[in-house]
Amino acid sequence: CKRRGSARLRHVPTAAALIVLLLALVAEAGWLLHLPLLREVQTSWASMKPSTAACFGLLALSLLAQIRAGRWVTPGRVVSGCVGALATVTAAEYILGIRVGMDVLTGPRMASATAVTLALISAALTCASCVNRRQTLLALAALPPYVALVGYIIEVKGLYSFGPFGSVSLQTAIAGGLLCLGGLTMGESSWFQRIDVGVDPGAVLVRRMVPAGLVLFPALWLVGQIGSSQRWWIPS
């Protein structure tokens with residue numbers, strides 16, 4: 001049972017990293033070829049900034065390097081550390097209300113929530129050998145992408161657009177969520193692996209409740225929208 005459970009998640013980190021790398025390349029191509037559809041999906045939605053795409057692409061490569069292990073681990077951690085430095089400086093710009101001039105090199109500035117997510121993922125991949133620390137950082141990093149995804153699903157702009165602090169694009173939310181998922185499922189000692197193969201009541205309960213919890217809020221909103229349109233009840 002344990003072997004079957006581990007095999008079920010073995011390829012998740014690689015698949016997640018490859019999808020993120022593809023998303024980043026498509027967004028970069030959108031900017032280079034002047035194709036708005038590739039960088040913002042819809043004209044009314046936020047676009048994935050060039051610097052954001054580059055950072056996610058580099059983090060995807062870092063994750064792939066650490067999955068392969070061996071001599072690739074150190075270069076992978078160096079790459080994630082560089083991305084973390086850029087994201088931390090960007091987040092500090094928002095917090096302190098200053099500009100250090102990186103926009104000249106990186107193009108349009110990424111959103112504050114994106115910078116925080118990238119900084120946390122970078123820190124997690126840089127210290128990947130410490131499993132508990134890595135898992136904690138990735139769990140925190142997954143919160144902004146999840147909130148943004150819910151915002152796009154239920155069409156609430158306030159969940160992915162933060163005024164002067166920038167807007168999180170749909171591609172960014174997906175890429176952030178996938179990288180966190182890949183990092184959380186990497187290694188047999190990860191939380192996901194322990195939950196997936198665990199037979200204790202806690203692991204069984206989490207396997208049953210977490211998937212339902214992730215879709216409950218969007219599902220309730222959808223039911224509300226359908227009910228209002230079909231006049232099943234009078235909206236308050």
# chains A, B, ... in the order shown; residues from 1 in each chain; ligands from 1

call {"tool": "residues_around", "arguments": {"residues": "Ser112 of chain A", "least_positions_apart": "5", "cutoff": "7 Å", "atoms": "only C-alpha atoms", "output": "PyMOL selection string"}}
result
chain A and resi 91+94+165-166

call {"tool": "write_last_selection", "arguments": {"atoms": "N, CA and C atoms", "output": "PDB file, in the first residue's frame"}}
result
ATOM      1  N   ALA A  91       9.279  42.986  -3.193  1.00  0.00           N
ATOM      2  CA  ALA A  91       8.348  43.075  -2.064  1.00  0.00           C
ATOM      3  C   ALA A  91       8.722  44.237  -1.146  1.00  0.00           C
ATOM      4  N   TYR A  94       7.439  47.587  -2.417  1.00  0.00           N
ATOM      5  CA  TYR A  94       6.037  47.838  -2.093  1.00  0.00           C
ATOM      6  C   TYR A  94       5.874  48.230  -0.617  1.00  0.00           C
ATOM      7  N   PHE A 165      -0.914  47.895  -5.453  1.00  0.00           N
ATOM      8  CA  PHE A 165      -0.027  46.766  -5.179  1.00  0.00           C
ATOM      9  C   PHE A 165      -0.038  45.731  -6.292  1.00  0.00           C
ATOM     10  N   GLY A 166      -0.700  46.040  -7.400  1.00  0.00           N
ATOM     11  CA  GLY A 166      -0.653  45.178  -8.570  1.00  0.00           C
ATOM     12  C   GLY A 166      -1.717  44.102  -8.569  1.00  0.00           C
TER      13      GLY A 166
END

call {"tool": "residues_around", "arguments": {"residues": "Met186 of chain A", "least_positions_apart": "5", "cutoff": "8 Å", "atoms": "only C-alpha atoms", "output": "PyMOL selection string"}}
result
chain A and resi 10+12-13+67

call {"tool": "closest_residue", "arguments": {"among": "A:Gly151, A:Gly30, A:Gly163, A:Pro36", "to": "Pro50 of chain A", "atoms": "only C-alpha atoms"}}
result
A:Gly30
